[in-house]
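Beneath this line is the structure, given in structure tokens, with notes to follow.
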Amino acid sequence: MHAQATAPPEDFPELVLGSEAFEDGADEEWQPGADDEDGPAAMWVTPEQEAAALAALEAEEAAADDYDSGDEEGGSSSSTPRAGKRLPAEVRCFDTARIYVKGGDGGRGCVAFRREKFVPKGGPSGGNGGHGGCVYLEVDPALNSLMTFRRQVHFRADPGVPGQGSDMHGAAGKDLIVKVPPGTIVRERGAGEDDPPLFELLRPGQRALVASGGRGGRGNLAFKSARNTAPALAEFGEKGQETWIDLELKLVADVGIIGCPNAGKSTLLSVVSAAKPKIANYPFTTLVPNLGVCNLDYRTTVFADVPGLLEGAHAGVGLGHQFLRHCQRCRVLVHVVDGTSPDPMGDYRAIRQELELFNPALATKPQLVAYNKMDVPDSSDYWEDVREQLAAEGVPHDAVFAISAVSGRGVTDLVRAVRALLDTLPAEDELAAAEQEGRDQQTAAAAPLPGRRDTDAKIGEFTIESDLSGPRVWFVKGAAIERFAQMTDWGYYEAARRFQRVLVAAGIDSALRARGVQDGDTVVIGELEFDYDSDHSEAGMYDKWYRARREAGIVGKGQARWPHVTG
Ligand SMILES: Nc1nc2c(ncn2[C@@H]2O[C@H](COP(=O)(O)OP(=O)(O)OP(=O)(O)O)[C@@H](O)[C@H]2O)c(=O)[nH]1
Ligand SMILES: [Mg+2]
């Protein structure tokens with residue numbers, strides 16, 4: 001902010017503080033004619049004004065209840081239980097994100113004619129525009145959250161390069177590759193949890209096309225035909241596909257470590273793997289699930305340490321329970337019980353209940369219990385007692401382990417037991433299963449993404465709706481005809497004429513007539529709007545095109561040549 005205050009006065013109108021106090025005051029202070037060299041550069045904004053502006057901005061930000069308005073500093077906010085939207089932004093955003101993706105527009109085609117000495121009537125030589133770049137999501141195993149999407153939500157691939165004269169086609173736009181963590185699920189905007197996702201990205205390097213680039217427009221070379229050897233028209237490039245998509249992260253781990261806050265879950269992860277999660281003696285140290293890879297007896301097991309769970313988490317107490325979704329992919333749960341807690345069994349039951357409330361399938365996952373902090377006398381005194389009570393609840397003795405995560409005592413036994421338990425489970429590989437589903441989804445994904453134009457659509461496939469209540473309006477809807485309208489470059493009379501001919505050939509004109517269209521009615525095709533005219537004679541069409549051009553104030557430029565083709 002301070003840097004902005006000292007910026008040269010010319011920059012002032014661009015400042016986006018959006019505060020009344022700031023703008024009003026600054027207007028009085030800053031004299032456009034004043035010599036900048038006189039006095040300090042920041043004189044045109046007083047410190048009071050800046051403070052007032054910042055205060056207003058902060059108030060505004062606090063009021064705006066959007067994604068980024070949470071506290072980033074942690075501090076008191078992260079240790080007090082908060083519900084719903086007022087959770088720290090970190091917690092709200094790490095495992096879900098909504099992003100905007102747009103493929104690059106195709107480059108426009110070119111109208112050019114070959115002009116060379118000794119080559120009379122060289123013919124058309126305008127090249128096609130390049131294809132727009134596509135947006136892909138790609139799995140990057142180095143990522144473990146969707147946090148990056150807090151900084152950037154808009155992703156646009158490069159447009160195609162326009163075609164040029166001398167038969168030069170434009171280059172294709174560069175694809176944009178957006179990195180996502182393994183376990184990212186892609187859904188249509190606003191789709192529910194139960195709707196089939198568009199993609200599930202699990203394996204490193206796996207890619208999904210989320211927004212394809214537009215086709216390049218054809219240049220006049222492409223329109224050359226035996227009948228029209230000197231076409232004076234070209235197309236615009238097709239617009240790139242654009243859409244909003246929801247991302248959700250479900251970590252891919254074999255083992256989920258769950259338990260109350262401060263039970264020692266992160267400590268356990270840090271001793272079984274090389275992960276270095278934050279460990280501290282207060283609840284909710286962990287806000288974002290951590291992954292760790294454990295290598296024991298030449299076997300690799302991935303552990304996930306999720307934030308602590310409290311009784312009432314399903315109702316948003318503590319950090320809520322949303323992160324439990326990460327455990328849905330885990331095959332085994334390790335439930336860490338804090339031996340130093342005043343009521344270890346109460347903690348245990350509370351967590352079991354929260355699991356049940358979140359998802360009954362999670363509560364039936366195989367689980368091992370780790371009674372932690374055995375190095376503390378308080379805790380070891382109660383160990384036998386807790387063990388018996390757990391047995392009474394149906395947790396056999398061999399599924400309960402006494403450990404001290406800090407010293408590492410008992411941890412190896414626990415990990416071996418986890419491994420053994422994993423081995424007894426059906427060899428069904430979660431990834432393979434998900435991928436199997438993924439294969440089925442490939443077909444689903446082949447269905448058009450929201451906002452996508454179906455490239456296979458036929459020009460004759462359209463529907464007509466009308467609104468004759470006020471000014472008479474006809475809406476012609478169809479993927480192919482809308483694309484055609486968008487790509488038509490009205491700057492060329494021939495393009496306008498071609499459009500008119502296609503309307504007739506595709507049966508749109510006759511369909512409109514059958515429905516009772518009248519001259520002067522408005523016809524809307526995609527973003528194109530024009531007045532209907534039944535006069536399809538060459539002179540009539542030219543006249544209409546010329547009038548439209550003049551109304552738009554572009555007469556004199558462009559290709560107002562007529563009649564130049566005798567067909
Ligand atoms: N004495 C003793 N302290 C332990 C043991 N394991 C963890 N602690 C301590 O317990 C505190 C909490 O440990 P964390 O690993 O951060 O606990 P957590 O379950 O990840 O907590 P949250 O992330 O806040 O839910 C830390 O001060 C650890 O040093 C243990 O075996 N013995
Ligand atoms: Mg932790």
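Residue names in the structure tokens use chain letters A, B, ... in the order shown, residue numbers from 1 in each chain, and ligand numbers from 1 in the order shown.
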
For the interface of chain A with ligand 1 (cut-off 10 Å, counting only C-alpha atoms and all ligand atoms), please tabulate each contacting residue of chain A alongside its nearest pair of atoms and their separation in Å to one decimal, rows sorted by chain and increasing number, as JSON lines.
{"residue": "A:Ser79", "atom": "CA", "partner": "ligand 1", "partner_atom_place_in_ligand_line": "24 (O)", "distance": 9.0}
{"residue": "A:Ile257", "atom": "CA", "partner": "ligand 1", "partner_atom_place_in_ligand_line": "19 (O)", "distance": 8.9}
{"residue": "A:Ile258", "atom": "CA", "partner": "ligand 1", "partner_atom_place_in_ligand_line": "19 (O)", "distance": 8.0}
{"residue": "A:Gly259", "atom": "CA", "partner": "ligand 1", "partner_atom_place_in_ligand_line": "19 (O)", "distance": 6.6}
{"residue": "A:Cys260", "atom": "CA", "partner": "ligand 1", "partner_atom_place_in_ligand_line": "25 (O)", "distance": 6.1}
{"residue": "A:Pro261", "atom": "CA", "partner": "ligand 1", "partner_atom_place_in_ligand_line": "25 (O)", "distance": 3.3}
{"residue": "A:Asn262", "atom": "CA", "partner": "ligand 1", "partner_atom_place_in_ligand_line": "21 (O)", "distance": 3.3}
{"residue": "A:Ala263", "atom": "CA", "partner": "ligand 1", "partner_atom_place_in_ligand_line": "19 (O)", "distance": 3.9}
{"residue": "A:Gly264", "atom": "CA", "partner": "ligand 1", "partner_atom_place_in_ligand_line": "17 (O)", "distance": 3.4}
{"residue": "A:Lys265", "atom": "CA", "partner": "ligand 1", "partner_atom_place_in_ligand_line": "19 (O)", "distance": 3.8}
{"residue": "A:Ser266", "atom": "CA", "partner": "ligand 1", "partner_atom_place_in_ligand_line": "20 (O)", "distance": 3.7}
{"residue": "A:Thr267", "atom": "CA", "partner": "ligand 1", "partner_atom_place_in_ligand_line": "15 (O)", "distance": 3.7}
{"residue": "A:Leu268", "atom": "CA", "partner": "ligand 1", "partner_atom_place_in_ligand_line": "15 (O)", "distance": 6.6}
{"residue": "A:Leu269", "atom": "CA", "partner": "ligand 1", "partner_atom_place_in_ligand_line": "15 (O)", "distance": 8.0}
{"residue": "A:Ser270", "atom": "CA", "partner": "ligand 1", "partner_atom_place_in_ligand_line": "15 (O)", "distance": 8.2}
{"residue": "A:Val271", "atom": "CA", "partner": "ligand 1", "partner_atom_place_in_ligand_line": "6 (N)", "distance": 10.0}
{"residue": "A:Pro277", "atom": "CA", "partner": "ligand 1", "partner_atom_place_in_ligand_line": "15 (O)", "distance": 8.2}
{"residue": "A:Lys278", "atom": "CA", "partner": "ligand 1", "partner_atom_place_in_ligand_line": "16 (O)", "distance": 6.5}
{"residue": "A:Ile279", "atom": "CA", "partner": "ligand 1", "partner_atom_place_in_ligand_line": "16 (O)", "distance": 3.6}
{"residue": "A:Ala280", "atom": "CA", "partner": "ligand 1", "partner_atom_place_in_ligand_line": "16 (O)", "distance": 4.4}
{"residue": "A:Asn281", "atom": "CA", "partner": "ligand 1", "partner_atom_place_in_ligand_line": "27 (O)", "distance": 3.4}
{"residue": "A:Tyr282", "atom": "CA", "partner": "ligand 1", "partner_atom_place_in_ligand_line": "24 (O)", "distance": 5.7}
{"residue": "A:Pro283", "atom": "CA", "partner": "ligand 1", "partner_atom_place_in_ligand_line": "24 (O)", "distance": 3.7}
{"residue": "A:Phe284", "atom": "CA", "partner": "ligand 1", "partner_atom_place_in_ligand_line": "24 (O)", "distance": 3.4}
{"residue": "A:Thr285", "atom": "CA", "partner": "ligand 1", "partner_atom_place_in_ligand_line": "24 (O)", "distance": 3.7}
{"residue": "A:Thr286", "atom": "CA", "partner": "ligand 1", "partner_atom_place_in_ligand_line": "23 (O)", "distance": 3.7}
{"residue": "A:Leu287", "atom": "CA", "partner": "ligand 1", "partner_atom_place_in_ligand_line": "23 (O)", "distance": 7.0}
{"residue": "A:Val288", "atom": "CA", "partner": "ligand 1", "partner_atom_place_in_ligand_line": "23 (O)", "distance": 8.9}
{"residue": "A:Pro289", "atom": "CA", "partner": "ligand 1", "partner_atom_place_in_ligand_line": "23 (O)", "distance": 9.1}
{"residue": "A:Asn290", "atom": "CA", "partner": "ligand 1", "partner_atom_place_in_ligand_line": "20 (O)", "distance": 9.9}
{"residue": "A:Asp305", "atom": "CA", "partner": "ligand 1", "partner_atom_place_in_ligand_line": "20 (O)", "distance": 7.3}
{"residue": "A:Val306", "atom": "CA", "partner": "ligand 1", "partner_atom_place_in_ligand_line": "23 (O)", "distance": 7.4}
{"residue": "A:Pro307", "atom": "CA", "partner": "ligand 1", "partner_atom_place_in_ligand_line": "25 (O)", "distance": 4.9}
{"residue": "A:Gly308", "atom": "CA", "partner": "ligand 1", "partner_atom_place_in_ligand_line": "25 (O)", "distance": 3.6}
{"residue": "A:Leu309", "atom": "CA", "partner": "ligand 1", "partner_atom_place_in_ligand_line": "25 (O)", "distance": 7.2}
{"residue": "A:Leu310", "atom": "CA", "partner": "ligand 1", "partner_atom_place_in_ligand_line": "25 (O)", "distance": 9.4}
{"residue": "A:Leu319", "atom": "CA", "partner": "ligand 1", "partner_atom_place_in_ligand_line": "25 (O)", "distance": 9.8}
{"residue": "A:Val336", "atom": "CA", "partner": "ligand 1", "partner_atom_place_in_ligand_line": "19 (O)", "distance": 7.7}
{"residue": "A:Val337", "atom": "CA", "partner": "ligand 1", "partner_atom_place_in_ligand_line": "19 (O)", "distance": 8.9}
{"residue": "A:Asp338", "atom": "CA", "partner": "ligand 1", "partner_atom_place_in_ligand_line": "6 (N)", "distance": 8.2}
{"residue": "A:Gly339", "atom": "CA", "partner": "ligand 1", "partner_atom_place_in_ligand_line": "32 (N)", "distance": 8.7}
{"residue": "A:Thr340", "atom": "CA", "partner": "ligand 1", "partner_atom_place_in_ligand_line": "1 (N)", "distance": 8.4}
{"residue": "A:Tyr371", "atom": "CA", "partner": "ligand 1", "partner_atom_place_in_ligand_line": "31 (O)", "distance": 8.9}
{"residue": "A:Asn372", "atom": "CA", "partner": "ligand 1", "partner_atom_place_in_ligand_line": "31 (O)", "distance": 5.2}
{"residue": "A:Lys373", "atom": "CA", "partner": "ligand 1", "partner_atom_place_in_ligand_line": "31 (O)", "distance": 3.3}
{"residue": "A:Met374", "atom": "CA", "partner": "ligand 1", "partner_atom_place_in_ligand_line": "31 (O)", "distance": 6.1}
{"residue": "A:Asp375", "atom": "CA", "partner": "ligand 1", "partner_atom_place_in_ligand_line": "32 (N)", "distance": 5.6}
{"residue": "A:Val376", "atom": "CA", "partner": "ligand 1", "partner_atom_place_in_ligand_line": "1 (N)", "distance": 5.5}
{"residue": "A:Pro377", "atom": "CA", "partner": "ligand 1", "partner_atom_place_in_ligand_line": "1 (N)", "distance": 9.3}
{"residue": "A:Ser379", "atom": "CA", "partner": "ligand 1", "partner_atom_place_in_ligand_line": "1 (N)", "distance": 9.3}
{"residue": "A:Ala402", "atom": "CA", "partner": "ligand 1", "partner_atom_place_in_ligand_line": "31 (O)", "distance": 9.6}
{"residue": "A:Ile403", "atom": "CA", "partner": "ligand 1", "partner_atom_place_in_ligand_line": "31 (O)", "distance": 6.6}
{"residue": "A:Ser404", "atom": "CA", "partner": "ligand 1", "partner_atom_place_in_ligand_line": "31 (O)", "distance": 3.5}
{"residue": "A:Ala405", "atom": "CA", "partner": "ligand 1", "partner_atom_place_in_ligand_line": "31 (O)", "distance": 3.8}
{"residue": "A:Val406", "atom": "CA", "partner": "ligand 1", "partner_atom_place_in_ligand_line": "31 (O)", "distance": 4.4}
{"residue": "A:Ser407", "atom": "CA", "partner": "ligand 1", "partner_atom_place_in_ligand_line": "31 (O)", "distance": 6.4}
{"residue": "A:Gly408", "atom": "CA", "partner": "ligand 1", "partner_atom_place_in_ligand_line": "31 (O)", "distance": 7.6}
{"residue": "A:Arg409", "atom": "CA", "partner": "ligand 1", "partner_atom_place_in_ligand_line": "31 (O)", "distance": 8.3}
{"residue": "A:Val411", "atom": "CA", "partner": "ligand 1", "partner_atom_place_in_ligand_line": "31 (O)", "distance": 9.9}

Legend entry - Who sits within 7 Å of A:Gly107, only C-alpha atoms, same chain under 5 positions skipped, as a PyMOL selection string: chain A and resi 129-132+159-163+170+216-217+236-237

Legend entry - Test item, alpha helix (DSSP H) assignment across stretch 367-549 of chain A, answer as a ChimeraX atom specification: /A:377-392,411-424,430-446,479-487,493-505,508-514,538-549

Legend entry - Contacts of stretch 478-487 of chain A at 6 Å (only C-alpha atoms; same-chain gap of 5+ positions) as number ranges by chain: A: 235-238, 453, 457-459, 461-462, 525-526

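Interatomic distance, atom CA of A:Gln152 against atom CA of A:Ile99: 8.1 Å.
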
Legend entry - Option closest in space to A:Ile245, from A:Pro197, A:Pro120, A:Gly173, A:Pro344 [counting only C-alpha atoms]: A:Pro197

Inset, instruction - Find the residues near A:Asp95: any atom within 12 Å, counting only C-alpha atoms, skip ones fewer than 4 places away on the same chain, and give them as a count of residues only. - result: 33

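Interatomic distance, atom CA of A:Ser273 against atom CA of A:Leu421: 18.6 Å.
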
So which residues touch A:Lys544 within 12 Å, counting only C-alpha atoms, skipping near sequence neighbours fewer than 4 positions away, as a compact mmCIF listing (two decimals) with N, CA and C atoms, in the first residue's frame?
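Contents of selection_18.txt, as written:
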# COMPACT_ATOMS: atom_id res chain seq x y z
N TRP A 490 -18.10 -10.34 -40.73
CA TRP A 490 -19.07 -9.52 -41.46
C TRP A 490 -18.40 -8.39 -42.23
N TYR A 493 -18.30 -8.76 -47.63
CA TYR A 493 -19.63 -8.98 -48.18
C TYR A 493 -19.84 -10.45 -48.52
N ALA A 496 -20.91 -12.43 -45.57
CA ALA A 496 -22.31 -12.21 -45.22
C ALA A 496 -23.22 -12.98 -46.17
N ARG A 497 -22.85 -12.99 -47.44
CA ARG A 497 -23.65 -13.69 -48.44
C ARG A 497 -23.60 -15.19 -48.19
N GLN A 500 -25.90 -16.07 -45.43
CA GLN A 500 -27.29 -16.07 -45.88
C GLN A 500 -27.60 -17.37 -46.64
N GLY A 520 -38.16 -7.58 -41.09
CA GLY A 520 -37.95 -6.60 -40.03
C GLY A 520 -37.94 -7.23 -38.64
N PHE A 530 -29.80 -9.93 -36.10
CA PHE A 530 -30.00 -9.19 -37.35
C PHE A 530 -31.48 -9.12 -37.68
N ASP A 531 -31.83 -8.23 -38.57
CA ASP A 531 -33.23 -8.09 -38.98
C ASP A 531 -33.50 -9.05 -40.12
N TYR A 532 -34.61 -9.75 -40.03
CA TYR A 532 -34.93 -10.69 -41.08
C TYR A 532 -35.31 -9.95 -42.35
N ASP A 533 -34.84 -10.51 -43.48
CA ASP A 533 -35.17 -9.89 -44.77
C ASP A 533 -35.39 -11.02 -45.77
N SER A 534 -36.54 -11.02 -46.39
CA SER A 534 -36.85 -12.14 -47.29
C SER A 534 -36.22 -11.94 -48.67
N ASP A 535 -35.65 -10.77 -48.89
CA ASP A 535 -35.05 -10.49 -50.20
C ASP A 535 -33.67 -11.14 -50.29
N HIS A 536 -33.57 -12.25 -51.01
CA HIS A 536 -32.28 -12.95 -51.12
C HIS A 536 -31.58 -12.65 -52.44
N SER A 537 -32.04 -11.65 -53.15
CA SER A 537 -31.37 -11.33 -54.42
C SER A 537 -30.00 -10.72 -54.11
N GLU A 538 -29.10 -10.86 -55.06
CA GLU A 538 -27.74 -10.35 -54.88
C GLU A 538 -27.77 -8.87 -54.48
N ALA A 539 -28.55 -8.09 -55.23
CA ALA A 539 -28.60 -6.65 -54.96
C ALA A 539 -29.19 -6.38 -53.58
N GLY A 540 -30.23 -7.13 -53.25
CA GLY A 540 -30.87 -6.93 -51.95
C GLY A 540 -29.92 -7.24 -50.82
N ALA A 548 -25.95 -2.06 -43.12
CA ALA A 548 -25.52 -2.47 -41.77
C ALA A 548 -24.12 -1.93 -41.48
N ARG A 549 -23.28 -1.96 -42.49
CA ARG A 549 -21.93 -1.45 -42.31
C ARG A 549 -21.96 0.04 -42.03
N ARG A 550 -22.82 0.74 -42.79
CA ARG A 550 -22.84 2.18 -42.62
C ARG A 550 -23.39 2.56 -41.24
N GLU A 551 -24.40 1.78 -40.81
CA GLU A 551 -24.94 2.04 -39.46
C GLU A 551 -23.86 1.84 -38.41

Inset, instruction - Go through stretch 291-478 of chain A and collect every residue that DSSP, computed from the backbone, puts in strand (DSSP E or B); the answer should be as a PyMOL selection string. - result: chain A and resi 291-296+299-305+332-338+367-372+400-402+404+409+463-467+473-477

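Proximity of A:Gly491, A:Ala506, A:Val517, A:Leu291 to ligand 2, computed with only C-alpha atoms and all ligand atoms, is greatest for A:Leu291.
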